file data_31.txt (compact mmCIF, C-alpha atoms)
# COMPACT_ATOMS: atom_id res chain seq x y z
CA MET R 105 65.16 -6.43 124.04
CA ASN R 106 64.17 -6.28 127.67
CA TRP R 107 65.10 -3.01 129.41
CA LEU R 108 66.62 -5.00 132.28
CA ASP R 109 69.18 -6.49 129.87
CA GLU R 110 70.64 -3.02 129.39
CA VAL R 111 71.27 -2.53 133.12
CA GLY R 112 74.85 -3.31 134.12
CA PHE R 113 74.36 -5.40 137.22
CA ASP R 114 77.59 -6.21 139.06
CA GLU R 115 78.89 -9.68 139.89
CA ARG R 116 76.44 -9.83 142.80
CA GLY R 117 73.55 -8.99 140.46
CA LEU R 118 73.19 -5.52 141.96
CA VAL R 119 73.11 -1.99 140.61
CA THR R 120 73.49 1.30 142.49
CA VAL R 121 70.27 3.29 142.80
CA ILE R 122 69.99 6.96 143.69
CA ALA R 123 66.66 8.28 144.92
CA GLN R 124 66.05 11.95 144.24
CA ASP R 125 63.06 13.98 145.38
CA ALA R 126 61.34 15.04 142.17
CA ALA R 127 59.93 18.20 143.73
CA SER R 128 62.83 19.57 145.79
CA GLY R 129 65.64 18.00 143.78
CA ARG R 130 67.30 16.78 147.00
CA VAL R 131 69.37 13.63 146.63
CA LEU R 132 67.65 11.52 149.26
CA MET R 133 69.55 8.25 149.50
CA VAL R 134 71.64 5.67 147.70
CA ALA R 135 70.90 1.95 147.86
CA TRP R 136 71.08 -1.19 145.74
CA ALA R 137 68.65 -3.00 143.49
CA ASN R 138 68.66 -6.36 141.76
CA ALA R 139 66.63 -7.11 138.64
CA GLU R 140 63.64 -8.22 140.71
CA ALA R 141 63.66 -4.96 142.68
CA LEU R 142 63.79 -2.87 139.50
CA ALA R 143 61.02 -4.87 137.88
CA GLU R 144 58.78 -4.55 140.94
CA THR R 145 59.53 -0.82 141.19
CA VAL R 146 58.39 -0.28 137.64
CA ALA R 147 55.35 -2.56 137.98
CA SER R 148 54.17 -1.10 141.28
CA GLY R 149 55.32 2.51 140.95
CA GLN R 150 56.79 2.26 144.46
CA ALA R 151 60.54 2.21 145.14
CA VAL R 152 61.90 -1.25 145.84
CA TYR R 153 65.56 -1.93 146.66
CA PHE R 154 67.63 -4.95 147.58
CA SER R 155 68.83 -4.88 151.17
CA ARG R 156 72.27 -6.45 151.39
CA SER R 157 72.09 -6.65 155.19
CA ARG R 158 68.75 -8.46 155.13
CA GLY R 159 69.48 -10.37 151.93
CA ARG R 160 66.05 -9.67 150.51
CA LEU R 161 63.92 -7.14 148.65
CA TRP R 162 63.33 -3.96 150.60
CA ARG R 163 60.10 -2.21 149.82
CA LYS R 164 61.03 1.27 150.99
CA GLY R 165 58.66 2.34 153.74
CA GLU R 166 57.52 -1.18 154.64
CA GLU R 167 58.40 -0.45 158.27
CA SER R 168 58.65 3.31 158.44
CA GLY R 169 55.72 4.17 156.19
CA HIS R 170 58.09 6.46 154.30
CA ARG R 171 57.30 5.05 150.90
CA GLN R 172 58.56 6.52 147.67
CA ARG R 173 56.28 6.88 144.68
CA VAL R 174 58.49 6.58 141.62
CA LEU R 175 57.74 9.14 138.93
CA GLU R 176 60.74 8.45 136.70
CA VAL R 177 63.43 5.81 136.31
CA ARG R 178 66.62 6.87 134.55
CA LEU R 179 69.82 5.05 133.63
CA ASP R 180 73.27 6.55 133.30
CA CYS R 181 75.56 6.38 130.26
CA ASP R 182 77.51 3.39 131.60
CA GLY R 183 74.30 1.60 132.52
CA ASP R 184 75.50 0.89 136.04
CA VAL R 185 73.61 3.51 138.04
CA VAL R 186 69.83 3.92 138.15
CA LEU R 187 68.08 7.10 139.27
CA TYR R 188 64.62 7.01 140.81
CA ARG R 189 62.87 10.37 140.83
CA VAL R 190 60.38 10.07 143.65
CA GLU R 191 57.66 11.62 145.69
CA GLN R 192 58.80 10.96 149.26
CA ALA R 193 56.03 10.12 151.75
CA GLY R 194 56.36 12.15 154.93
CA GLY R 195 59.23 14.10 153.43
CA ILE R 196 61.61 11.71 155.23
CA ALA R 197 63.91 9.28 153.43
CA CYS R 198 66.62 8.69 156.05
CA HIS R 199 66.37 6.20 158.90
CA THR R 200 67.58 9.03 161.18
CA GLY R 201 64.29 10.83 160.59
CA ARG R 202 65.77 13.40 158.23
CA GLU R 203 64.67 14.35 154.72
CA SER R 204 67.88 13.09 153.15
CA CYS R 205 70.69 10.75 154.13
CA PHE R 206 73.12 13.50 153.02
CA TYR R 207 72.67 15.62 156.14
CA ARG R 208 76.39 16.07 156.88
CA LEU R 209 78.20 18.95 155.23
CA LEU R 210 81.97 19.35 155.21
CA CYS R 211 82.67 22.66 156.89
CA GLU R 212 86.10 23.83 158.02
CA GLY R 213 87.47 20.30 157.95
CA GLN R 214 84.62 18.74 159.94
CA TRP R 215 81.43 16.95 158.97
CA GLN R 216 78.68 19.14 160.38
CA VAL R 217 75.09 17.95 160.75
CA VAL R 218 73.16 20.66 158.96
CA ASP R 219 69.70 19.15 158.45
CA PRO R 220 67.11 18.75 161.19
CA VAL R 221 65.52 15.54 162.45
CA LEU R 222 61.93 15.88 161.29
CA LYS R 223 60.66 12.88 163.24
CA ASP R 224 62.24 10.92 166.07
CA PRO R 225 63.32 7.57 164.58
CA GLU R 226 62.07 5.84 167.72
CA LEU R 227 58.59 6.94 166.71
CA VAL R 228 59.15 6.10 163.05
CA TYR R 229 60.10 2.48 163.73
CA ARG R 230 57.84 1.81 166.74
CA LYS R 231 55.70 -1.24 166.03
CA MET T 14 89.76 13.54 164.04
CA ASN T 15 90.39 13.93 160.35
CA TRP T 16 87.23 14.19 158.23
CA LEU T 17 88.63 11.57 155.86
CA ASP T 18 88.63 9.02 158.69
CA GLU T 19 84.84 9.21 158.77
CA VAL T 20 84.49 8.27 155.11
CA GLY T 21 83.76 4.59 154.59
CA PHE T 22 86.16 3.68 151.80
CA ASP T 23 85.69 0.17 150.45
CA GLU T 24 88.35 -2.56 150.28
CA ARG T 25 89.81 -0.85 147.19
CA GLY T 26 90.06 2.45 149.07
CA LEU T 27 87.22 3.98 147.04
CA VAL T 28 83.97 5.70 147.84
CA THR T 29 81.03 6.42 145.52
CA VAL T 30 80.65 10.09 144.60
CA ILE T 31 77.55 11.72 143.13
CA ALA T 32 77.92 15.07 141.39
CA GLN T 33 74.81 17.23 141.45
CA ASP T 34 74.38 20.58 139.73
CA ALA T 35 73.85 23.06 142.55
CA ALA T 36 71.77 25.38 140.40
CA SER T 37 69.49 23.03 138.45
CA GLY T 38 69.49 20.15 140.94
CA ARG T 39 70.21 17.68 138.11
CA VAL T 40 72.11 14.58 139.16
CA LEU T 41 75.00 14.84 136.72
CA MET T 42 77.16 11.75 137.18
CA VAL T 43 78.41 9.10 139.54
CA ALA T 44 82.07 8.19 139.88
CA TRP T 45 84.61 7.07 142.46
CA ALA T 46 87.06 8.85 144.72
CA ASN T 47 89.90 7.72 146.93
CA ALA T 48 91.14 9.70 149.92
CA GLU T 49 93.62 11.64 147.78
CA ALA T 50 90.88 12.65 145.33
CA LEU T 51 88.62 13.88 148.14
CA ALA T 52 91.45 15.79 149.79
CA GLU T 53 92.43 17.47 146.51
CA THR T 54 88.80 18.29 145.76
CA VAL T 55 88.45 20.08 149.07
CA ALA T 56 91.81 21.81 148.80
CA SER T 57 91.33 22.98 145.19
CA GLY T 58 87.57 23.49 145.07
CA GLN T 59 87.50 21.51 141.81
CA ALA T 60 86.01 18.04 141.51
CA VAL T 61 88.60 15.27 141.49
CA TYR T 62 87.73 11.59 141.13
CA PHE T 63 89.65 8.34 140.89
CA SER T 64 89.42 6.75 137.47
CA ARG T 65 89.37 2.98 137.83
CA SER T 66 90.00 2.45 134.12
CA ARG T 67 93.04 4.73 134.11
CA GLY T 68 94.15 3.77 137.62
CA ARG T 69 94.85 7.36 138.60
CA LEU T 70 93.32 10.62 139.80
CA TRP T 71 90.90 12.14 137.36
CA ARG T 72 90.64 15.91 137.54
CA LYS T 73 87.22 16.30 135.95
CA GLY T 74 87.53 18.44 132.85
CA GLU T 75 91.27 17.90 132.40
CA GLU T 76 90.59 16.84 128.80
CA SER T 77 87.11 18.14 128.08
CA GLY T 78 87.39 21.46 129.88
CA HIS T 79 84.13 20.58 131.62
CA ARG T 80 85.40 21.22 135.11
CA GLN T 81 83.23 21.19 138.19
CA ARG T 82 83.59 23.86 140.84
CA VAL T 83 82.62 22.20 144.11
CA LEU T 84 80.38 24.34 146.29
CA GLU T 85 79.48 21.71 148.89
CA VAL T 86 80.67 18.27 149.93
CA ARG T 87 78.19 16.10 151.80
CA LEU T 88 78.37 12.61 153.31
CA ASP T 89 75.51 10.17 153.74
CA CYS T 90 74.38 8.52 156.96
CA ASP T 91 76.36 5.34 156.31
CA GLY T 92 79.44 7.34 155.37
CA ASP T 93 79.89 5.43 152.12
CA VAL T 94 78.56 7.91 149.58
CA VAL T 95 79.81 11.45 149.03
CA LEU T 96 77.82 14.16 147.28
CA TYR T 97 79.54 17.01 145.44
CA ARG T 98 77.25 19.96 144.75
CA VAL T 99 78.87 21.64 141.78
CA GLU T 100 78.85 24.41 139.25
CA GLN T 101 79.29 22.57 135.94
CA ALA T 102 81.47 24.33 133.37
CA GLY T 103 79.83 24.38 129.95
CA GLY T 104 76.69 22.82 131.42
CA ILE T 105 77.99 19.44 130.24
CA ALA T 106 79.03 16.65 132.62
CA CYS T 107 78.65 13.57 130.39
CA HIS T 108 81.26 12.33 127.94
CA THR T 109 78.44 12.05 125.38
CA GLY T 110 78.15 15.86 125.36
CA ARG T 111 74.99 15.93 127.44
CA GLU T 112 74.27 17.85 130.63
CA SER T 113 73.88 14.68 132.69
CA CYS T 114 74.86 11.04 132.36
CA PHE T 115 71.26 10.16 133.27
CA TYR T 116 69.83 10.95 129.84
CA ARG T 117 67.91 7.68 129.39
CA LEU T 118 64.38 7.51 130.74
CA LEU T 119 62.41 4.30 131.07
CA CYS T 120 59.29 4.77 128.98
CA GLU T 121 56.88 1.98 128.03
CA GLY T 122 59.47 -0.69 128.76
CA GLN T 123 62.28 0.94 126.77
CA TRP T 124 65.15 3.22 127.68
CA GLN T 125 64.51 6.38 125.69
CA VAL T 126 67.15 9.05 125.17
CA VAL T 127 65.37 12.18 126.33
CA ASP T 128 68.17 14.74 126.73
CA PRO T 129 69.90 16.48 123.84
CA VAL T 130 73.59 16.39 122.95
CA LEU T 131 74.71 19.93 123.67
CA LYS T 132 78.13 19.55 122.10
CA ASP T 133 79.51 16.89 119.77
CA PRO T 134 81.90 14.76 121.87
CA GLU T 135 84.30 14.69 118.89
CA LEU T 136 84.71 18.42 119.39
CA VAL T 137 84.86 18.13 123.18
CA TYR T 138 87.77 15.68 123.14
CA ARG T 139 89.62 16.96 120.08
CA LYS T 140 93.22 17.70 121.03

call {"tool": "encode", "arguments": {"input": "data_31.txt", "output": "structure tokens"}}
result
Amino acid sequence: MNWLDEVGFDERGLVTVIAQDAASGRVLMVAWANAEALAETVASGQAVYFSRSRGRLWRKGEESGHRQRVLEVRLDCDGDVVLYRVEQAGGIACHTGRESCFYRLLCEGQWQVVDPVLKDPELVYRK
Amino acid sequence: MNWLDEVGFDERGLVTVIAQDAASGRVLMVAWANAEALAETVASGQAVYFSRSRGRLWRKGEESGHRQRVLEVRLDCDGDVVLYRVEQAGGIACHTGRESCFYRLLCEGQWQVVDPVLKDPELVYRK
């Protein structure tokens, strides 16, 4: 049995993927993958997602350089969420230039930005 | 502005929620919440989700006793994923009696169960 057959892709052929920094334990980001993205991730050892906005595979870091080396791939009990444990290049996963996309903390009834911008996104995405 | 207005609920009124153990950093589980579940979580300090199968609020641990005390609530950059950082009662989040739902690791093309059952689920859910 192929491991991909045990992944519960939704009606669009997608599965939720969480990327977690293997060293710090930070939850870095959540994105989608299709079967092709998962297969390429495992074959290449680099995180690949499926970008719904672009309608194509998204090799994380292809523009920003902030690639993710995948050390582990895990599947949850329902089979519908995949976890990539990664080594995050540059220590930046978020397009805002922060370590993690989860940089807003609920504090006294407001979302407060609590994590610093490590690199100006204008510099990250400059061609 | 109400903090709930900044959460990007989908067309069903749901948002993806990740629960992470605040001490160990383990990603424990992924579930859904609606606005009511998020509001009750924040008000009570205990993780509340929305169970799609039961069609109602799911106060984590209501049957198993494996409650989650919520220490932090975070929101991602897109506003469509919420992260609960929790203290997991009994050290068991998964209905299989394991610490985490992500107990299967991809190893040589197979999903391998790599985490132990800490408590027999028959005992967890016995009335």

call {"tool": "calpha_fit_and_write", "arguments": {"input": "data_31.txt", "fixed": "chain T", "moving": "chain R", "output": "PDB file with C-alpha atoms, in the frame of the given file"}}
result
ATOM      1  CA  MET R 105      89.741  13.545 164.035  1.00  0.00           C
ATOM      2  CA  ASN R 106      90.384  13.941 160.346  1.00  0.00           C
ATOM      3  CA  TRP R 107      87.217  14.186 158.225  1.00  0.00           C
ATOM      4  CA  LEU R 108      88.633  11.562 155.855  1.00  0.00           C
ATOM      5  CA  ASP R 109      88.641   9.018 158.702  1.00  0.00           C
ATOM      6  CA  GLU R 110      84.851   9.208 158.786  1.00  0.00           C
ATOM      7  CA  VAL R 111      84.504   8.273 155.104  1.00  0.00           C
ATOM      8  CA  GLY R 112      83.769   4.583 154.588  1.00  0.00           C
ATOM      9  CA  PHE R 113      86.158   3.689 151.811  1.00  0.00           C
ATOM     10  CA  ASP R 114      85.681   0.172 150.440  1.00  0.00           C
ATOM     11  CA  GLU R 115      88.323  -2.551 150.281  1.00  0.00           C
ATOM     12  CA  ARG R 116      89.790  -0.857 147.203  1.00  0.00           C
ATOM     13  CA  GLY R 117      90.045   2.443 149.095  1.00  0.00           C
ATOM     14  CA  LEU R 118      87.228   3.966 147.054  1.00  0.00           C
ATOM     15  CA  VAL R 119      83.960   5.697 147.834  1.00  0.00           C
ATOM     16  CA  THR R 120      81.024   6.423 145.519  1.00  0.00           C
ATOM     17  CA  VAL R 121      80.645  10.088 144.597  1.00  0.00           C
ATOM     18  CA  ILE R 122      77.555  11.714 143.133  1.00  0.00           C
ATOM     19  CA  ALA R 123      77.915  15.061 141.398  1.00  0.00           C
ATOM     20  CA  GLN R 124      74.813  17.224 141.446  1.00  0.00           C
ATOM     21  CA  ASP R 125      74.380  20.572 139.724  1.00  0.00           C
ATOM     22  CA  ALA R 126      73.853  23.044 142.551  1.00  0.00           C
ATOM     23  CA  ALA R 127      71.769  25.374 140.396  1.00  0.00           C
ATOM     24  CA  SER R 128      69.497  23.017 138.443  1.00  0.00           C
ATOM     25  CA  GLY R 129      69.508  20.154 140.934  1.00  0.00           C
ATOM     26  CA  ARG R 130      70.207  17.668 138.115  1.00  0.00           C
ATOM     27  CA  VAL R 131      72.114  14.568 139.162  1.00  0.00           C
ATOM     28  CA  LEU R 132      75.002  14.842 136.731  1.00  0.00           C
ATOM     29  CA  MET R 133      77.149  11.752 137.180  1.00  0.00           C
ATOM     30  CA  VAL R 134      78.397   9.088 139.548  1.00  0.00           C
ATOM     31  CA  ALA R 135      82.072   8.196 139.887  1.00  0.00           C
ATOM     32  CA  TRP R 136      84.609   7.066 142.469  1.00  0.00           C
ATOM     33  CA  ALA R 137      87.057   8.848 144.722  1.00  0.00           C
ATOM     34  CA  ASN R 138      89.903   7.720 146.938  1.00  0.00           C
ATOM     35  CA  ALA R 139      91.143   9.712 149.924  1.00  0.00           C
ATOM     36  CA  GLU R 140      93.622  11.625 147.767  1.00  0.00           C
ATOM     37  CA  ALA R 141      90.876  12.648 145.333  1.00  0.00           C
ATOM     38  CA  LEU R 142      88.634  13.878 148.153  1.00  0.00           C
ATOM     39  CA  ALA R 143      91.459  15.791 149.783  1.00  0.00           C
ATOM     40  CA  GLU R 144      92.429  17.467 146.506  1.00  0.00           C
ATOM     41  CA  THR R 145      88.781  18.290 145.763  1.00  0.00           C
ATOM     42  CA  VAL R 146      88.439  20.080 149.061  1.00  0.00           C
ATOM     43  CA  ALA R 147      91.822  21.820 148.779  1.00  0.00           C
ATOM     44  CA  SER R 148      91.337  22.977 145.196  1.00  0.00           C
ATOM     45  CA  GLY R 149      87.569  23.480 145.080  1.00  0.00           C
ATOM     46  CA  GLN R 150      87.505  21.520 141.810  1.00  0.00           C
ATOM     47  CA  ALA R 151      86.010  18.027 141.514  1.00  0.00           C
ATOM     48  CA  VAL R 152      88.605  15.273 141.487  1.00  0.00           C
ATOM     49  CA  TYR R 153      87.728  11.580 141.140  1.00  0.00           C
ATOM     50  CA  PHE R 154      89.644   8.336 140.899  1.00  0.00           C
ATOM     51  CA  SER R 155      89.416   6.738 137.474  1.00  0.00           C
ATOM     52  CA  ARG R 156      89.375   2.967 137.833  1.00  0.00           C
ATOM     53  CA  SER R 157      90.001   2.465 134.109  1.00  0.00           C
ATOM     54  CA  ARG R 158      93.052   4.730 134.120  1.00  0.00           C
ATOM     55  CA  GLY R 159      94.144   3.777 137.630  1.00  0.00           C
ATOM     56  CA  ARG R 160      94.846   7.364 138.585  1.00  0.00           C
ATOM     57  CA  LEU R 161      93.304  10.604 139.820  1.00  0.00           C
ATOM     58  CA  TRP R 162      90.890  12.145 137.359  1.00  0.00           C
ATOM     59  CA  ARG R 163      90.625  15.886 137.544  1.00  0.00           C
ATOM     60  CA  LYS R 164      87.214  16.305 135.952  1.00  0.00           C
ATOM     61  CA  GLY R 165      87.535  18.454 132.853  1.00  0.00           C
ATOM     62  CA  GLU R 166      91.274  17.891 132.395  1.00  0.00           C
ATOM     63  CA  GLU R 167      90.594  16.846 128.800  1.00  0.00           C
ATOM     64  CA  SER R 168      87.125  18.144 128.082  1.00  0.00           C
ATOM     65  CA  GLY R 169      87.389  21.474 129.878  1.00  0.00           C
ATOM     66  CA  HIS R 170      84.133  20.577 131.617  1.00  0.00           C
ATOM     67  CA  ARG R 171      85.407  21.226 135.100  1.00  0.00           C
ATOM     68  CA  GLN R 172      83.232  21.193 138.174  1.00  0.00           C
ATOM     69  CA  ARG R 173      83.595  23.847 140.838  1.00  0.00           C
ATOM     70  CA  VAL R 174      82.620  22.206 144.108  1.00  0.00           C
ATOM     71  CA  LEU R 175      80.380  24.345 146.289  1.00  0.00           C
ATOM     72  CA  GLU R 176      79.498  21.707 148.879  1.00  0.00           C
ATOM     73  CA  VAL R 177      80.680  18.263 149.928  1.00  0.00           C
ATOM     74  CA  ARG R 178      78.190  16.102 151.808  1.00  0.00           C
ATOM     75  CA  LEU R 179      78.365  12.619 153.302  1.00  0.00           C
ATOM     76  CA  ASP R 180      75.508  10.188 153.733  1.00  0.00           C
ATOM     77  CA  CYS R 181      74.384   8.525 156.972  1.00  0.00           C
ATOM     78  CA  ASP R 182      76.365   5.337 156.301  1.00  0.00           C
ATOM     79  CA  GLY R 183      79.438   7.344 155.357  1.00  0.00           C
ATOM     80  CA  ASP R 184      79.904   5.435 152.121  1.00  0.00           C
ATOM     81  CA  VAL R 185      78.554   7.906 149.570  1.00  0.00           C
ATOM     82  CA  VAL R 186      79.815  11.454 149.031  1.00  0.00           C
ATOM     83  CA  LEU R 187      77.817  14.164 147.273  1.00  0.00           C
ATOM     84  CA  TYR R 188      79.530  17.000 145.435  1.00  0.00           C
ATOM     85  CA  ARG R 189      77.262  19.952 144.732  1.00  0.00           C
ATOM     86  CA  VAL R 190      78.873  21.634 141.762  1.00  0.00           C
ATOM     87  CA  GLU R 191      78.844  24.404 139.254  1.00  0.00           C
ATOM     88  CA  GLN R 192      79.295  22.562 135.955  1.00  0.00           C
ATOM     89  CA  ALA R 193      81.479  24.324 133.365  1.00  0.00           C
ATOM     90  CA  GLY R 194      79.823  24.377 129.959  1.00  0.00           C
ATOM     91  CA  GLY R 195      76.696  22.831 131.416  1.00  0.00           C
ATOM     92  CA  ILE R 196      77.999  19.434 130.243  1.00  0.00           C
ATOM     93  CA  ALA R 197      79.022  16.642 132.608  1.00  0.00           C
ATOM     94  CA  CYS R 198      78.646  13.564 130.386  1.00  0.00           C
ATOM     95  CA  HIS R 199      81.267  12.328 127.939  1.00  0.00           C
ATOM     96  CA  THR R 200      78.429  12.057 125.382  1.00  0.00           C
ATOM     97  CA  GLY R 201      78.163  15.844 125.367  1.00  0.00           C
ATOM     98  CA  ARG R 202      74.991  15.933 127.439  1.00  0.00           C
ATOM     99  CA  GLU R 203      74.267  17.850 130.638  1.00  0.00           C
ATOM    100  CA  SER R 204      73.871  14.687 132.687  1.00  0.00           C
ATOM    101  CA  CYS R 205      74.866  11.049 132.355  1.00  0.00           C
ATOM    102  CA  PHE R 206      71.246  10.168 133.263  1.00  0.00           C
ATOM    103  CA  TYR R 207      69.838  10.968 129.826  1.00  0.00           C
ATOM    104  CA  ARG R 208      67.912   7.698 129.392  1.00  0.00           C
ATOM    105  CA  LEU R 209      64.389   7.510 130.751  1.00  0.00           C
ATOM    106  CA  LEU R 210      62.413   4.291 131.076  1.00  0.00           C
ATOM    107  CA  CYS R 211      59.303   4.768 128.986  1.00  0.00           C
ATOM    108  CA  GLU R 212      56.893   1.996 128.030  1.00  0.00           C
ATOM    109  CA  GLY R 213      59.471  -0.678 128.771  1.00  0.00           C
ATOM    110  CA  GLN R 214      62.287   0.936 126.776  1.00  0.00           C
ATOM    111  CA  TRP R 215      65.167   3.213 127.693  1.00  0.00           C
ATOM    112  CA  GLN R 216      64.514   6.370 125.703  1.00  0.00           C
ATOM    113  CA  VAL R 217      67.157   9.048 125.172  1.00  0.00           C
ATOM    114  CA  VAL R 218      65.374  12.172 126.330  1.00  0.00           C
ATOM    115  CA  ASP R 219      68.163  14.737 126.726  1.00  0.00           C
ATOM    116  CA  PRO R 220      69.898  16.480 123.840  1.00  0.00           C
ATOM    117  CA  VAL R 221      73.586  16.394 122.937  1.00  0.00           C
ATOM    118  CA  LEU R 222      74.705  19.936 123.677  1.00  0.00           C
ATOM    119  CA  LYS R 223      78.134  19.544 122.094  1.00  0.00           C
ATOM    120  CA  ASP R 224      79.493  16.885 119.764  1.00  0.00           C
ATOM    121  CA  PRO R 225      81.895  14.763 121.847  1.00  0.00           C
ATOM    122  CA  GLU R 226      84.290  14.694 118.902  1.00  0.00           C
ATOM    123  CA  LEU R 227      84.694  18.427 119.388  1.00  0.00           C
ATOM    124  CA  VAL R 228      84.853  18.138 123.170  1.00  0.00           C
ATOM    125  CA  TYR R 229      87.765  15.690 123.148  1.00  0.00           C
ATOM    126  CA  ARG R 230      89.627  16.984 120.070  1.00  0.00           C
ATOM    127  CA  LYS R 231      93.215  17.760 121.026  1.00  0.00           C
TER     128      LYS R 231
END

call {"tool": "atom_distance", "arguments": {"input": "data_31.txt", "atom1": "CA of Gly112 (chain R)", "atom2": "CA of Arg163 (chain R)"}}
result
21.6 Å

call {"tool": "residues_around", "arguments": {"input": "data_31.txt", "residues": "Leu136 (chain T)", "least_positions_apart": "4", "cutoff": "12 Å", "atoms": "only C-alpha atoms", "output": "PDB file with C-alpha atoms, in the coordinates of the input"}}
result
ATOM      1  CA  GLU T  76      90.590  16.840 128.800  1.00  0.00           C
ATOM      2  CA  SER T  77      87.110  18.140 128.080  1.00  0.00           C
ATOM      3  CA  GLY T  78      87.390  21.460 129.880  1.00  0.00           C
ATOM      4  CA  HIS T 108      81.260  12.330 127.940  1.00  0.00           C
ATOM      5  CA  THR T 109      78.440  12.050 125.380  1.00  0.00           C
ATOM      6  CA  GLY T 110      78.150  15.860 125.360  1.00  0.00           C
ATOM      7  CA  VAL T 130      73.590  16.390 122.950  1.00  0.00           C
ATOM      8  CA  LEU T 131      74.710  19.930 123.670  1.00  0.00           C
ATOM      9  CA  LYS T 132      78.130  19.550 122.100  1.00  0.00           C
ATOM     10  CA  LYS T 140      93.220  17.700 121.030  1.00  0.00           C
TER      11      LYS T 140
END

call {"tool": "closest_atom_pairs", "arguments": {"input": "data_31.txt", "of": "chain R", "to": "chain T", "cutoff": "9 Å", "atoms": "only C-alpha atoms", "output": "Markdown table"}}
result
| residue | atom | partner | partner_atom | distance |
| --- | --- | --- | --- | --- |
| R:Met105 | CA | T:Gln123 | CA | 8.4 |
| R:Asn106 | CA | T:Gly122 | CA | 7.4 |
| R:Trp107 | CA | T:Gln123 | CA | 5.5 |
| R:Glu110 | CA | T:Trp124 | CA | 8.5 |
| R:Ile122 | CA | T:Ile31 | CA | 9.0 |
| R:Gln124 | CA | T:Val40 | CA | 8.3 |
| R:Ser128 | CA | T:Gly38 | CA | 8.3 |
| R:Gly129 | CA | T:Gly38 | CA | 5.2 |
| R:Arg130 | CA | T:Gly38 | CA | 7.3 |
| R:Val131 | CA | T:Val40 | CA | 8.0 |
| R:Met133 | CA | T:Asp89 | CA | 7.6 |
| R:Val134 | CA | T:Val94 | CA | 7.5 |
| R:Val146 | CA | T:Gly122 | CA | 9.0 |
| R:Glu176 | CA | T:Leu118 | CA | 7.0 |
| R:Val177 | CA | T:Leu119 | CA | 5.5 |
| R:Arg178 | CA | T:Leu118 | CA | 4.5 |
| R:Leu179 | CA | T:Phe115 | CA | 5.3 |
| R:Asp180 | CA | T:Phe115 | CA | 4.1 |
| R:Cys181 | CA | T:Cys114 | CA | 5.2 |
| R:Asp182 | CA | T:Cys114 | CA | 8.1 |
| R:Val185 | CA | T:Val43 | CA | 7.5 |
| R:Val186 | CA | T:Phe115 | CA | 8.0 |
| R:Leu187 | CA | T:Phe115 | CA | 7.4 |
| R:Cys198 | CA | T:Cys90 | CA | 7.8 |
| R:His199 | CA | T:Cys90 | CA | 8.6 |
| R:Thr200 | CA | T:Cys90 | CA | 8.0 |
| R:Ser204 | CA | T:Asp89 | CA | 8.2 |
| R:Cys205 | CA | T:Asp89 | CA | 4.9 |
| R:Phe206 | CA | T:Asp89 | CA | 4.2 |
| R:Tyr207 | CA | T:Asp89 | CA | 6.6 |
| R:Arg208 | CA | T:Leu88 | CA | 5.4 |
| R:Leu209 | CA | T:Arg87 | CA | 4.5 |
| R:Leu210 | CA | T:Val86 | CA | 5.5 |
| R:Cys211 | CA | T:Val86 | CA | 8.5 |
| R:Gly213 | CA | T:Trp16 | CA | 6.1 |
| R:Gln214 | CA | T:Trp16 | CA | 5.5 |
| R:Trp215 | CA | T:Trp16 | CA | 6.5 |

call {"tool": "atom_distance", "arguments": {"input": "data_31.txt", "atom1": "CA of Ala102 (chain T)", "atom2": "CA of Phe63 (chain T)"}}
result
19.5 Å

call {"tool": "atom_distance", "arguments": {"input": "data_31.txt", "atom1": "CA of Val61 (chain T)", "atom2": "CA of Arg116 (chain R)"}}
result
27.9 Å

call {"tool": "residues_around", "arguments": {"input": "data_31.txt", "residues": "Val99 (chain T)", "least_positions_apart": "2", "cutoff": "7 Å", "atoms": "all atoms listed in the file", "output": "PyMOL selection string"}}
result
chain T and resi 32-35+81-84+97+101

call {"tool": "write_last_selection", "arguments": {"input": "data_31.txt", "atoms": "C-alpha atoms", "output": "short mmCIF file (atom, residue, chain, number, x, y, z; two decimals), in the frame of the given file"}}
result
data_model
loop_
_atom_site.label_atom_id
_atom_site.label_comp_id
_atom_site.auth_asym_id
_atom_site.auth_seq_id
_atom_site.Cartn_x
_atom_site.Cartn_y
_atom_site.Cartn_z
CA ALA T 32 77.92 15.07 141.39
CA GLN T 33 74.81 17.23 141.45
CA ASP T 34 74.38 20.58 139.73
CA ALA T 35 73.85 23.06 142.55
CA GLN T 81 83.23 21.19 138.19
CA ARG T 82 83.59 23.86 140.84
CA VAL T 83 82.62 22.20 144.11
CA LEU T 84 80.38 24.34 146.29
CA TYR T 97 79.54 17.01 145.44
CA GLN T 101 79.29 22.57 135.94
#

call {"tool": "residues_around", "arguments": {"input": "data_31.txt", "residues": "Lys73 (chain T)", "least_positions_apart": "2", "cutoff": "6 Å", "atoms": "only C-alpha atoms", "output": "NGL selection string"}}
result
:T and (60-61 or 71 or 75 or 80)

call {"tool": "residues_around", "arguments": {"input": "data_31.txt", "residues": "Asn138 (chain R)", "least_positions_apart": "3", "cutoff": "8 Å", "atoms": "all atoms listed in the file", "output": "PyMOL selection string"}}
result
chain R and resi 113+117-119+141-142+153-154

call {"tool": "write_last_selection", "arguments": {"input": "data_31.txt", "atoms": "C-alpha atoms", "output": "mmCIF file, keeping the file's coordinate frame"}}
result
data_model
loop_
_atom_site.group_PDB
_atom_site.id
_atom_site.type_symbol
_atom_site.label_atom_id
_atom_site.label_comp_id
_atom_site.auth_asym_id
_atom_site.auth_seq_id
_atom_site.Cartn_x
_atom_site.Cartn_y
_atom_site.Cartn_z
ATOM 1 C CA PHE R 113 74.360 -5.400 137.220
ATOM 2 C CA GLY R 117 73.550 -8.990 140.460
ATOM 3 C CA LEU R 118 73.190 -5.520 141.960
ATOM 4 C CA VAL R 119 73.110 -1.990 140.610
ATOM 5 C CA ALA R 141 63.660 -4.960 142.680
ATOM 6 C CA LEU R 142 63.790 -2.870 139.500
ATOM 7 C CA TYR R 153 65.560 -1.930 146.660
ATOM 8 C CA PHE R 154 67.630 -4.950 147.580
#
